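Asks: Take this structure first; my questions come after.
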Amino acid sequence: MKNPFFLNKGPKEIADILAKINLKNKSEYSGIKISDVKDLVNASDKDITFFHSKKYELAASKTKAAFCITTKNLANKLPDTCQPIEVDNVLVSTAMITTLFYPDAITDDFDINTSNIENTSYNNSVNHGQNILIGKNVKIGSNCSIGHNTIIESNVVIGDNCSIGSNVIIRNTIIKNNVSILDGCVIGKKGFGFFPSKNENIRYPHIGIVIIEDNCEIGCGSTIDRGSLSNTIIGKNTFLDNQVHIAHNNKIGDNCIIAGQVGFAGSSTLGNNVMIGGQAGISGHLKVGNNVQIGGGSGVIKDVPDNSKVMGYPAKDLKKFIKENK
């Protein structure tokens, strides 16, 4: 989908993109313009993408991107229609290029353009507490409530019949219908995306958003980071307990139940009907299948197939775990 909130400064000449990462332009690239930077799946023939791990070999082989930031070892996995741009550090180079297109996505300073809800059109249409601030480009549906001291910062869409608790901060987020956000949540801020360099940590611009589908509940004190290039998504009828952390780019399926203090590293995919016990941890770039149950306190460090029950660290088949821990 087109990015609804962050302003794209493209198109950019490929020569300027290469110069940004200290590479020389090629004569055959003269005059070529790139519209956007996108992930492998969503990139078009006018975009640039990146490919840094064999985990994404299938997606890389099907990408429609015109150019791809990658390594020498992975370049041959791309289709003939995609020109590889070989670099030593794919993620650092991609961060620099994304900053070229989206310079405003690096920082998450407080929104200076908010107004007290009593001075907005939502004063009479929303049931609200005291000290509510509303930013620019905010839409709130019918029959919604917002608790005390909550800030709905710029670029938020809230559907019908939603309940937003007290002391909540939301930005860069689309919330569908019948969603409850309990007290103290922070949703849509940038994720923990940076790359260590010699003299500094290079921040990755987060140009994705958070999408919370219908009939979800987000427990007190939970944080949901917006995506970096892709979006962070919470599926329909999924319930998060208190103090759950969902990092950038995670895709949580429908009808999932996630207990307190569960943490997700970035870019993992969770299937439908998944149950996770308290204080479990899910590593990044993993695929957890449908109908999976993960025991409390587990550490998931590899993919989990459909219909599995796992527990322990590293998480293993539940029957095996019980047998080993009698």
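Following the order of the structure tokens, chains are lettered A, B, ..., residues in each are numbered from 1, and ligands are numbered from 1.
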Write down as JSON, numbers by chain the residues belonging to segment 90-315 of chain A that are assigned strand (DSSP E or B) by DSSP computed on the backbone.

Replies: {"A": [115, 116, 127, 128, 133, 134, 138, 139, 140, 145, 146, 151, 152, 156, 157, 158, 163, 164, 169, 170, 173, 174, 175, 180, 181, 186, 187, 194, 195, 196, 201, 202, 203, 210, 211, 212, 217, 218, 223, 224, 232, 233, 234, 239, 240, 245, 246, 251, 252, 257, 258, 263, 264, 269, 270, 275, 276, 281, 282, 287, 288, 293, 294, 299, 300, 304, 309, 310, 311]}

Asks: Could you write out the selected residues, including C-alpha atoms, as a PDB file, in the first residue's frame?

Replies:
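As a result, part-v9.pdb now contains:
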ATOM      1  CA  SER A 115      -4.561  20.877  20.139  1.00  0.00           C
ATOM      2  CA  ASN A 116      -6.680  20.279  23.202  1.00  0.00           C
ATOM      3  CA  ASN A 127     -16.532  10.740  25.037  1.00  0.00           C
ATOM      4  CA  HIS A 128     -13.302  12.010  26.582  1.00  0.00           C
ATOM      5  CA  LEU A 133      -4.359  16.324  22.865  1.00  0.00           C
ATOM      6  CA  ILE A 134      -5.155  15.718  19.193  1.00  0.00           C
ATOM      7  CA  VAL A 138      -6.329  12.529  12.825  1.00  0.00           C
ATOM      8  CA  LYS A 139      -9.660  10.849  12.130  1.00  0.00           C
ATOM      9  CA  ILE A 140     -11.830   9.366  14.884  1.00  0.00           C
ATOM     10  CA  SER A 145     -13.918   7.170  24.067  1.00  0.00           C
ATOM     11  CA  ILE A 146     -10.514   8.545  25.101  1.00  0.00           C
ATOM     12  CA  ILE A 151      -2.145  12.116  23.182  1.00  0.00           C
ATOM     13  CA  ILE A 152      -3.352  11.155  19.717  1.00  0.00           C
ATOM     14  CA  VAL A 156      -3.773   8.435  13.246  1.00  0.00           C
ATOM     15  CA  VAL A 157      -7.021   6.890  12.030  1.00  0.00           C
ATOM     16  CA  ILE A 158      -9.348   5.395  14.655  1.00  0.00           C
ATOM     17  CA  SER A 163     -11.903   2.687  23.509  1.00  0.00           C
ATOM     18  CA  ILE A 164      -8.576   4.447  24.088  1.00  0.00           C
ATOM     19  CA  ILE A 169       0.368   7.876  23.063  1.00  0.00           C
ATOM     20  CA  ILE A 170      -0.510   6.945  19.484  1.00  0.00           C
ATOM     21  CA  THR A 173      -1.294   4.171  13.231  1.00  0.00           C
ATOM     22  CA  ILE A 174      -4.504   2.892  11.667  1.00  0.00           C
ATOM     23  CA  ILE A 175      -6.892   1.364  14.206  1.00  0.00           C
ATOM     24  CA  SER A 180      -9.651  -1.379  22.963  1.00  0.00           C
ATOM     25  CA  ILE A 181      -6.315   0.231  23.825  1.00  0.00           C
ATOM     26  CA  VAL A 186       2.641   3.585  23.280  1.00  0.00           C
ATOM     27  CA  ILE A 187       1.780   2.742  19.674  1.00  0.00           C
ATOM     28  CA  PHE A 194      20.061   1.190  14.157  1.00  0.00           C
ATOM     29  CA  PHE A 195      23.344  -0.216  12.893  1.00  0.00           C
ATOM     30  CA  PRO A 196      26.641   0.127  14.769  1.00  0.00           C
ATOM     31  CA  ASN A 201      25.122   4.232  15.566  1.00  0.00           C
ATOM     32  CA  ILE A 202      23.332   4.812  12.255  1.00  0.00           C
ATOM     33  CA  ARG A 203      19.589   5.186  12.752  1.00  0.00           C
ATOM     34  CA  VAL A 210       1.012   0.183  12.727  1.00  0.00           C
ATOM     35  CA  ILE A 211      -2.256  -1.413  11.629  1.00  0.00           C
ATOM     36  CA  ILE A 212      -4.545  -2.855  14.320  1.00  0.00           C
ATOM     37  CA  GLU A 217      -7.497  -5.528  22.705  1.00  0.00           C
ATOM     38  CA  ILE A 218      -4.084  -4.119  23.621  1.00  0.00           C
ATOM     39  CA  THR A 223       4.288  -0.985  23.083  1.00  0.00           C
ATOM     40  CA  ILE A 224       3.826  -1.577  19.362  1.00  0.00           C
ATOM     41  CA  THR A 232       3.544  -3.768  11.820  1.00  0.00           C
ATOM     42  CA  ILE A 233       0.181  -5.549  11.822  1.00  0.00           C
ATOM     43  CA  ILE A 234      -2.025  -6.937  14.591  1.00  0.00           C
ATOM     44  CA  PHE A 239      -5.701  -9.918  22.412  1.00  0.00           C
ATOM     45  CA  LEU A 240      -2.466  -8.693  23.989  1.00  0.00           C
ATOM     46  CA  HIS A 245       6.269  -5.536  23.226  1.00  0.00           C
ATOM     47  CA  ILE A 246       5.768  -5.873  19.469  1.00  0.00           C
ATOM     48  CA  LYS A 251       2.857  -9.515  11.471  1.00  0.00           C
ATOM     49  CA  ILE A 252       0.567 -11.003  14.141  1.00  0.00           C
ATOM     50  CA  ILE A 257      -3.755 -14.603  22.567  1.00  0.00           C
ATOM     51  CA  ILE A 258      -0.465 -13.230  23.883  1.00  0.00           C
ATOM     52  CA  GLY A 263       8.511  -9.747  23.644  1.00  0.00           C
ATOM     53  CA  PHE A 264       8.865  -9.925  19.877  1.00  0.00           C
ATOM     54  CA  THR A 269       5.361 -13.519  11.287  1.00  0.00           C
ATOM     55  CA  LEU A 270       2.828 -15.142  13.577  1.00  0.00           C
ATOM     56  CA  MET A 275      -1.355 -18.754  22.041  1.00  0.00           C
ATOM     57  CA  ILE A 276       1.786 -17.550  23.843  1.00  0.00           C
ATOM     58  CA  GLY A 281      10.489 -14.266  23.729  1.00  0.00           C
ATOM     59  CA  ILE A 282      10.241 -14.528  19.937  1.00  0.00           C
ATOM     60  CA  LYS A 287       7.816 -17.720  10.999  1.00  0.00           C
ATOM     61  CA  VAL A 288       5.470 -19.158  13.609  1.00  0.00           C
ATOM     62  CA  GLN A 293       1.001 -22.931  21.420  1.00  0.00           C
ATOM     63  CA  ILE A 294       4.154 -21.539  23.052  1.00  0.00           C
ATOM     64  CA  GLY A 299      12.697 -18.636  23.925  1.00  0.00           C
ATOM     65  CA  VAL A 300      11.754 -19.170  20.270  1.00  0.00           C
ATOM     66  CA  VAL A 304       7.711 -23.200  14.425  1.00  0.00           C
ATOM     67  CA  LYS A 309       3.193 -27.052  21.006  1.00  0.00           C
ATOM     68  CA  VAL A 310       6.612 -25.880  22.188  1.00  0.00           C
ATOM     69  CA  MET A 311       8.270 -24.803  25.410  1.00  0.00           C
TER      70      MET A 311
END

Asks: Excluding Asn291 of chain A and residues on its chain fewer than 6 positions from it, collect all residues at most 8 Å away from it, counting only C-alpha atoms, and give them as a list of chain:residue names.

Replies: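 Near Asn291 of chain A, the qualifying residues are A:Gly271, A:Asn272, A:Asn273, A:Val274, A:Met275, A:Asp306, A:Asn307, A:Ser308.
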
Asks: Using only C-alpha atoms, determine which residues lie at most 8 Å from Ile17 of chain A, disregarding the query and same-chain residues fewer than 4 positions distant; provide the list as a PyMOL selection string.

Replies: chain A and resi 12-13+21+97+100

Asks: Using C-alpha atoms, can you export the residues from the last selection as a PDB file, in the first residue's frame?

Replies:
ATOM      1  CA  LYS A  12      15.657  10.422  -7.116  1.00  0.00           C
ATOM      2  CA  GLU A  13      18.293   9.974  -9.797  1.00  0.00           C
ATOM      3  CA  ILE A  21      26.448   5.329  -0.389  1.00  0.00           C
ATOM      4  CA  ILE A  97      19.170   5.543   0.999  1.00  0.00           C
ATOM      5  CA  LEU A 100      17.380  10.262   1.201  1.00  0.00           C
TER       6      LEU A 100
END

Asks: Can you pull out every residue within 8 Å of Gly284 of chain A, counting only C-alpha atoms, but drop anything in the same chain fewer than 6 positions away, and send it as a tab-separated table (two decimals) with N, CA and C atoms, in the first residue's frame?

Replies:
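Written file, result_16.tsv:
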chain	number	residue	atom	x	y	z
A	264	PHE	N	8.57	-9.54	21.25
A	264	PHE	CA	8.87	-9.93	19.88
A	264	PHE	C	10.01	-9.08	19.35
A	265	ALA	N	11.07	-9.71	18.86
A	265	ALA	CA	12.05	-8.98	18.07
A	265	ALA	C	11.44	-8.67	16.71
A	266	GLY	N	12.16	-7.98	15.85
A	266	GLY	CA	11.57	-7.47	14.62
A	266	GLY	C	11.38	-8.50	13.53
A	267	SER	N	10.41	-8.20	12.65
A	267	SER	CA	10.24	-8.87	11.36
A	267	SER	C	9.89	-10.34	11.43
A	268	SER	N	9.19	-10.75	12.47
A	268	SER	CA	8.68	-12.12	12.52
A	268	SER	C	7.21	-12.15	12.13
A	301	ILE	N	13.73	-19.42	18.87
A	301	ILE	CA	14.85	-18.93	18.08
A	301	ILE	C	14.89	-19.54	16.67

Asks: Between atom CA of Leu318 of chain A and atom CA of Gly295 of chain A, what is the spacing in Å?

Replies: 8.2 Å

Asks: What is the atom CA of Val168 of chain A-atom CA of Gln130 of chain A distance in Å, reported with one decimal?

Replies: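 If I compute the distance from atom CA of Val168 of chain A to atom CA of Gln130 of chain A, I get 12.8 Å.
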
Asks: Please identify all polymer residues within 9 Å of Phe101 of chain A, counting only C-alpha atoms, omitting same-chain residues fewer than 5 positions from it, and present them as a PyMOL selection string.

Replies: chain A and resi 7-12+35-37

Asks: As an mmCIF file with N, CA, C and O atoms, in the first residue's frame, please: the residues near Asp108 of chain A (cut-off 9 Å, only C-alpha atoms, same-chain neighbours under 2 positions excluded).

Replies:
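Wrote part.cif, looks like this:
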data_model
loop_
_atom_site.group_PDB
_atom_site.id
_atom_site.type_symbol
_atom_site.label_atom_id
_atom_site.label_comp_id
_atom_site.auth_asym_id
_atom_site.auth_seq_id
_atom_site.Cartn_x
_atom_site.Cartn_y
_atom_site.Cartn_z
ATOM 1 N N ALA A 105 11.655 10.876 8.713
ATOM 2 C CA ALA A 105 11.247 9.669 9.447
ATOM 3 C C ALA A 105 12.281 9.203 10.466
ATOM 4 O O ALA A 105 12.092 8.175 11.106
ATOM 5 N N ILE A 106 13.372 9.939 10.607
ATOM 6 C CA ILE A 106 14.423 9.534 11.536
ATOM 7 C C ILE A 106 14.046 9.809 12.985
ATOM 8 O O ILE A 106 14.208 8.971 13.863
ATOM 9 N N PHE A 110 8.314 14.988 20.090
ATOM 10 C CA PHE A 110 6.906 15.162 20.431
ATOM 11 C C PHE A 110 6.230 16.058 19.388
ATOM 12 O O PHE A 110 6.851 16.914 18.751
ATOM 13 N N ASP A 111 4.957 15.822 19.203
ATOM 14 C CA ASP A 111 4.184 16.516 18.188
ATOM 15 C C ASP A 111 3.827 17.927 18.677
ATOM 16 O O ASP A 111 3.036 18.088 19.605
ATOM 17 N N LYS A 189 5.384 4.531 17.555
ATOM 18 C CA LYS A 189 6.683 5.193 17.603
ATOM 19 C C LYS A 189 7.697 4.361 16.817
ATOM 20 O O LYS A 189 7.462 3.216 16.466
ATOM 21 N N LYS A 190 8.865 4.934 16.551
ATOM 22 C CA LYS A 190 9.879 4.226 15.775
ATOM 23 C C LYS A 190 10.416 3.037 16.558
ATOM 24 O O LYS A 190 10.422 3.026 17.786
#

Asks: Find the residues around Gly141 of chain A up to 8 Å (only C-alpha atoms counted), leave out those fewer than 2 positions away in its own chain, and share them as a PyMOL selection string.

Replies: chain A and resi 139+143-144+158-162

Asks: Put those residues in a file: C-alpha atoms, as an mmCIF file, in the first residue's frame.

Replies:
data_model
loop_
_atom_site.group_PDB
_atom_site.id
_atom_site.type_symbol
_atom_site.label_atom_id
_atom_site.label_comp_id
_atom_site.auth_asym_id
_atom_site.auth_seq_id
_atom_site.Cartn_x
_atom_site.Cartn_y
_atom_site.Cartn_z
ATOM 1 C CA LYS A 139 -9.660 10.849 12.130
ATOM 2 C CA ASN A 143 -18.977 6.017 19.494
ATOM 3 C CA CYS A 144 -15.347 6.267 20.668
ATOM 4 C CA ILE A 158 -9.348 5.395 14.655
ATOM 5 C CA GLY A 159 -12.429 3.434 13.585
ATOM 6 C CA ASP A 160 -15.857 3.135 15.191
ATOM 7 C CA ASN A 161 -16.611 1.851 18.698
ATOM 8 C CA CYS A 162 -13.034 2.140 19.930
#

Asks: Please measure the separation of atom CA of Thr70 of chain A and atom CA of Thr49 of chain A, giving the value in Å to one decimal.

Replies: 8.8 Å

Asks: Based on DSSP run over this structure's backbone, return all residues of segment 15-190 of chain A in helix (DSSP H, G or I), as a ChimeraX atom specification.

Replies: /A:15-20,27-29,54-62,75-77,90-101,103-105,117-119

Asks: Let me make sure I understand: among A:Asp88, A:Asp45, A:Asp241, A:Glu153, which one has the smallest atom-to-atom distance to Asn113 of chain A if we use only C-alpha atoms?

Replies: A:Glu153

Asks: Measuring between only C-alpha atoms, which one of A:Thr94, A:Asn177, A:Ser222, A:Gln261 shows the shortest distance to Lys236 of chain A?

Replies: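 Among A:Thr94, A:Asn177, A:Ser222, A:Gln261, it is A:Asn177 that comes nearest to Lys236 of chain A.
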